[in-house]
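Below you'll find the structure, written out as structure tokens, and then a few comments.
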Amino acid sequence: MLNKKGFLFVVTIFLILTYIILSVSVWVKSIEASERAYAEFYKESTIELAISQITHAKLDNVTRSIMFRSLFRLNEHTMNVPLAQGPEDDETRNLRGAFRELLVNGSANDSYFIGPGIPVEDSSLSAWASNLNSSLLAIGSHLSRLDVYDFNVSQSDIDKVNYTFNVRLEITDNSNLSSVSRVYTISNELEISGFVDPVLTRESSAYGSDNAFYRQFYFNKDQYESNLEVDVIPVVESGDILGGQGWLYGYLVSPDNADSLSSQDRHNFILVGDFDDIVAVADYDSFAGYILTNAPGEGDDCVEGGVHSESDTFNPIGFESARGGGAACGDMEINCGAGACTGNPFIVAPDFHIDNAGLCRFLNGTGTSSKHCALFINMHTYEEVISHPRDKLDVDEDHTGIYNIEEMRDFVMCGYYTHNPAAPSYLQRLLEDSYSRNSDEFGIETFVIGEYASDDDIYDTYSRLDRELFSGSEGIRIRGFTGCKDYATCAVSDEPPSTGIFVVSEDVIIDYGLDAIECRAGAGCE
């Protein structure tokens with residue numbers, strides 16, 4: 001009996017111990033499983049936390065900096081080595097490819113260019129990813145995937161380059177058990193103002209490094225959104241012009257203020273006022289020319305073909321002999337005694353006032369100030385008027401007048417770019433044969449003048465529009481611009497002005513409305 005009881009006790013104790021051991025084992029396994037789950041949860045949470053710090057805004061800022069640097073490098077490289085054209089239906093394919101490689105790898109291979117490619121630089125997404133990995137190692141993870149796809153580049157305005165692409169990032173723990181990925185859609189724009197025009201540098205460099213142009217892109221879209229916004233403005237109706245001789249561009253000054261000008265500055269100024277007030281100015285003949293605001297006096301002693309003798313004007317018309325009031329007289333002549341004779345250009349415009357003219361900048365030894373400027377044009381030169389006095393009275397509505405050309409001068413002298421559908425866009429300027437291309441929406445052009453473009457043997461016979469300068473387009477001289485402000489500086493000579501005579505093609509004259517001030521009609525320029 002006792003033996004049976006002892007056996008049952010031993011069996012019972014064994015079962016209890018077995019249950020305890022099993023329970024402990026299950027508990028241990030549960031703890032281990034819990035720890036593994038917690039560890040995996042911790043890793044996933046850590047990765048989630050890490051990738052959550054890479055916000056869209058932060059990645060947009062990073063890629064914008066890289067894209068700006070990449071565009072700058074691409075622009076600089078194409079100053080010497082242009083991009084090759086893509087297929088006929090996709091001329092910018094190589095541009096996109098090179099731009100994408102610069103973004104991702106910091107380099108662009110030779111296949112995109114007419115020449116060598118762009119060597120590697122740390123400014124890239126790959127370099128950024130490498131730095132990111134250094135940080136991720138501290139939490140036991142790494143960037144396992146970086147994909148850039150659906151990359152595109154275009155223009156939304158004449159001075160803006162737009163880009164769009166998708167970026168897929170994947171972060172994985174170092175045991176490769178957990179990973180998290182995100183897709184970012186990036187879209188932004190870059191302004192090109194301040195970049196050097198690559199095609200101008202590339203084309204001019206063909207004449208030697210000393211002739212290379214480094215013209216920067218600058219825009220003034222508020223005033224010059226397109227070539228149609230650059231105006232030459234008549235300030236006096238042609239019917240209100242009574243005659244004159246020659247042509248001249250310059251600053252305007254009234255007789256009341258004439259004495260304030262130094263003798264060194266007077267040759268840049270046009271005296272504006274009544275004849276009596278002008279000739280009352282001491283050394284009035286030291287001024288460049290005159291705008292008379294009084295009608296000449298008419299005599300009735302001689303009349304020929306409706307032309308009366310004159311007084312109170314420059315180079316007054318007279319007759320060799322008088323035969324009574326209103327009767328026909330002898331040959332017409334210049335009668336200096338009835339007014340004053342001058343070889344300087346002048347125009348007679350009774351309705352003109354200095355305030356009608358445009359404001360311009362005047363620079364002298366004391367600083368810079370604003371003054372009024374104007375260009376006036378007559379039909380005949382001084383030499384023609386002296387030989388045929390009646391020529392002084394010829395007025396043609398298309399080629400006689402007083403003009404405000406300050407908008408055009410500001411545009412040309414400041415080197416702005418503006419839109420013209422006949423010109424290449426910025427992105428097309430990165431490609432080979434840039435000047436053979438055009439963009440209806442984003443074509444841009446500028447005028448090229450200045451000391452750096454003053455080689456008469458290379459440039460001065462060709463149109464100063466940048467897309468025509470290197471194509472052999474013969475130029476027509478335009479009055480009132482650099483090197484062409486009066487007859488003397490615009491005339492052909494063995495030593496042309498150092499800043500170059502401003503010439504453009506027939507197409508440019510039409511595009512910019514320059515027909516009234518070009519040199520083929522009216523008082524000549526040669």
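The way I read the labels, and the way they are meant: chains A, B, ... in the order of the structure tokens, residue 1 as the first residue of every chain, and ligand 1 as the first ligand shown, with later ones counted on from there.
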Inset, instruction - Would you mind listing what lies within 9 Å of Asn188 (chain A) as an MDAnalysis selection string, with only C-alpha atoms counted and same-chain residues fewer than 2 positions away left out? - result: chainID A and resid 60 64 161:164 186 190
Set out as JSON lines a contact list for region 445-497 of chain A and region 393-406 of chain A with a cut-off of 12 Å, giving each residue of region 445-497 of chain A that qualifies its closest atom pair and distance in Å to one decimal, counting only C-alpha atoms, ordered by chain and rising residue number.
```
{"residue": "A:Ile478", "atom": "CA", "partner": "A:Ile405", "partner_atom": "CA", "distance": 11.1}
{"residue": "A:Arg479", "atom": "CA", "partner": "A:Ile405", "partner_atom": "CA", "distance": 9.7}
{"residue": "A:Gly480", "atom": "CA", "partner": "A:Ile405", "partner_atom": "CA", "distance": 7.7}
{"residue": "A:Phe481", "atom": "CA", "partner": "A:Ile405", "partner_atom": "CA", "distance": 9.1}
{"residue": "A:Lys485", "atom": "CA", "partner": "A:Ile405", "partner_atom": "CA", "distance": 11.7}
```
List every residue of region 169-216 of chain A that has an atom at most 10 Å from any atom of region 82-85 of chain A, and for each one report the closest atom pair and its distance in Å to one decimal, counting only C-alpha atoms, with rows sorted by chain and then by increasing residue number, as CSV.
```
residue,atom,partner,partner_atom,distance
A:Pro198,CA,A:Pro82,CA,8.5
A:Val199,CA,A:Pro82,CA,8.3
A:Arg202,CA,A:Pro82,CA,8.3
```
Inset, instruction - Enter the distance from CA of Ala206 (chain A) to CA of Leu71 (chain A), in Å, rounded to one decimal. - result: 23.7 Å
Inset, instruction - Using DSSP on the backbone coordinates, identify the residues of region 92-187 of chain A assigned to helix (DSSP H, G or I); present them as a PyMOL selection string. - result: chain A and resi 93-105+110-112+125-139
Inset, instruction - Write out as JSON, numbers by chain the residues lying within 6 Å of region 370-385 of chain A, counting only C-alpha atoms and excluding same-chain residues fewer than 2 positions away. - result: {"A": [244, 245, 246, 247, 248, 249, 250, 251, 252, 357, 358, 359, 360, 361, 362, 387, 388, 389, 391, 392, 400, 401, 402, 403, 404, 522, 523]}
Resulting file, chosen residues, C-alpha atoms, as a PDB file, in the first residue's frame:
```pdb
ATOM      1  CA  GLY A 244      16.180 122.366 -91.332  1.00  0.00           C
ATOM      2  CA  GLN A 245      19.402 120.619 -92.262  1.00  0.00           C
ATOM      3  CA  GLY A 246      21.288 117.502 -91.192  1.00  0.00           C
ATOM      4  CA  TRP A 247      20.526 115.269 -88.248  1.00  0.00           C
ATOM      5  CA  LEU A 248      21.765 114.997 -84.666  1.00  0.00           C
ATOM      6  CA  TYR A 249      21.264 113.146 -81.392  1.00  0.00           C
ATOM      7  CA  GLY A 250      22.153 114.764 -78.087  1.00  0.00           C
ATOM      8  CA  TYR A 251      21.218 116.251 -74.752  1.00  0.00           C
ATOM      9  CA  LEU A 252      18.820 119.211 -74.781  1.00  0.00           C
ATOM     10  CA  ALA A 357      11.731 114.450 -75.138  1.00  0.00           C
ATOM     11  CA  GLY A 358      12.759 111.373 -73.181  1.00  0.00           C
ATOM     12  CA  LEU A 359      14.938 111.393 -70.080  1.00  0.00           C
ATOM     13  CA  CYS A 360      18.475 110.069 -70.366  1.00  0.00           C
ATOM     14  CA  ARG A 361      21.513 109.822 -68.104  1.00  0.00           C
ATOM     15  CA  PHE A 362      24.227 112.454 -68.254  1.00  0.00           C
ATOM     16  CA  SER A 387      23.827 124.202-102.929  1.00  0.00           C
ATOM     17  CA  HIS A 388      20.010 124.139-103.175  1.00  0.00           C
ATOM     18  CA  PRO A 389      18.441 126.364-100.471  1.00  0.00           C
ATOM     19  CA  ASP A 391      16.045 121.686 -99.902  1.00  0.00           C
ATOM     20  CA  LYS A 392      15.939 123.148 -96.425  1.00  0.00           C
ATOM     21  CA  THR A 400      11.724 113.949 -90.983  1.00  0.00           C
ATOM     22  CA  GLY A 401      11.044 114.557 -87.337  1.00  0.00           C
ATOM     23  CA  ILE A 402      12.127 114.633 -83.710  1.00  0.00           C
ATOM     24  CA  TYR A 403      12.242 111.279 -81.940  1.00  0.00           C
ATOM     25  CA  ASN A 404      12.437 109.902 -78.432  1.00  0.00           C
ATOM     26  CA  GLY A 522      16.765 111.666 -95.278  1.00  0.00           C
ATOM     27  CA  ALA A 523      19.963 113.523 -94.494  1.00  0.00           C
TER      28      ALA A 523
END
```
Inset, instruction - Looking only at strand (DSSP E) from DSSP on the backbone, list the matching residues of region 197-344 of chain A as a PyMOL selection string. - result: chain A and resi 233-234+243-245+247-253+269-273+289-292+297-304+307-311+317-319+332-334
Inset, instruction - Mind checking which residues fall within 10 Å of Ala349 (chain A), counting only C-alpha atoms, ignoring those fewer than 2 positions away in the same chain, and posting them as JSON, numbers by chain? - result: {"A": [236, 237, 238, 239, 240, 241, 242, 243, 244, 272, 273, 291, 292, 293, 294, 295, 346, 347, 351, 352, 353, 401, 402]}
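Between CA of Gly343 (chain A) and CA of Ala288 (chain A) lies a distance of 10.0 Å.
Candidate residues A:Ile458, A:Ile444, A:Leu271, A:Ala422 were compared for distance to Tyr284 (chain A), and the nearest is A:Leu271, using only C-alpha atoms.
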Legend entry - Shell of 8 Å around region 327-337 of chain A, only C-alpha atoms, local chain residues under 5 positions omitted, as a PyMOL selection string: chain A and resi 301-304+314-322+386+388-390
Legend entry - Neighbour list for Gly299 (chain A) as a list in words, cut-off 6 Å, only C-alpha atoms, skip fewer than 2 positions in-chain: Asp301, His308, Ser309 and Glu310 of chain A
Next, write the just-selected residues to a file, as a compact mmCIF listing (two decimals), in the first residue's frame, keeping N, CA and C atoms as the atom set.
```
# COMPACT_ATOMS: atom_id res chain seq x y z
N ASP A 301 8.84 140.46 -100.09
CA ASP A 301 9.53 141.13 -101.18
C ASP A 301 9.76 140.20 -102.37
N HIS A 308 8.80 131.92 -99.67
CA HIS A 308 9.06 133.30 -99.31
C HIS A 308 10.50 133.44 -98.82
N SER A 309 10.97 134.63 -98.86
CA SER A 309 12.24 134.90 -98.19
C SER A 309 12.02 134.79 -96.69
N GLU A 310 13.10 134.48 -95.95
CA GLU A 310 12.98 134.20 -94.52
C GLU A 310 13.82 135.17 -93.69
```
Inset, instruction - Please provide as a ChimeraX atom specification all residues within 6 Å of Arg464 (chain A), with the sequence filter that same-chain residues fewer than 4 positions apart are discarded (counting only C-alpha atoms). - result: /A:447-448,469,503-504
Inset, instruction - Work out how far apart CA of Ala258 (chain A) and CA of Val348 (chain A) are and give it in Å to one decimal. - result: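 Taking CA of Ala258 (chain A) as the start and CA of Val348 (chain A) as the end point, the length is 19.2 Å.
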Legend entry - Using only C-alpha atoms: which of A:Leu430, A:Val412, A:Val230, A:Ala521 has the shortest distance to Glu76 (chain A):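 That would be A:Leu430, the residue with the smallest distance to Glu76 (chain A).
Closest approach to Leu261 (chain A) from the set A:Ser286, A:Ser454, A:Ala280, A:Arg409 is made by A:Ser286, with distances taken over only C-alpha atoms.
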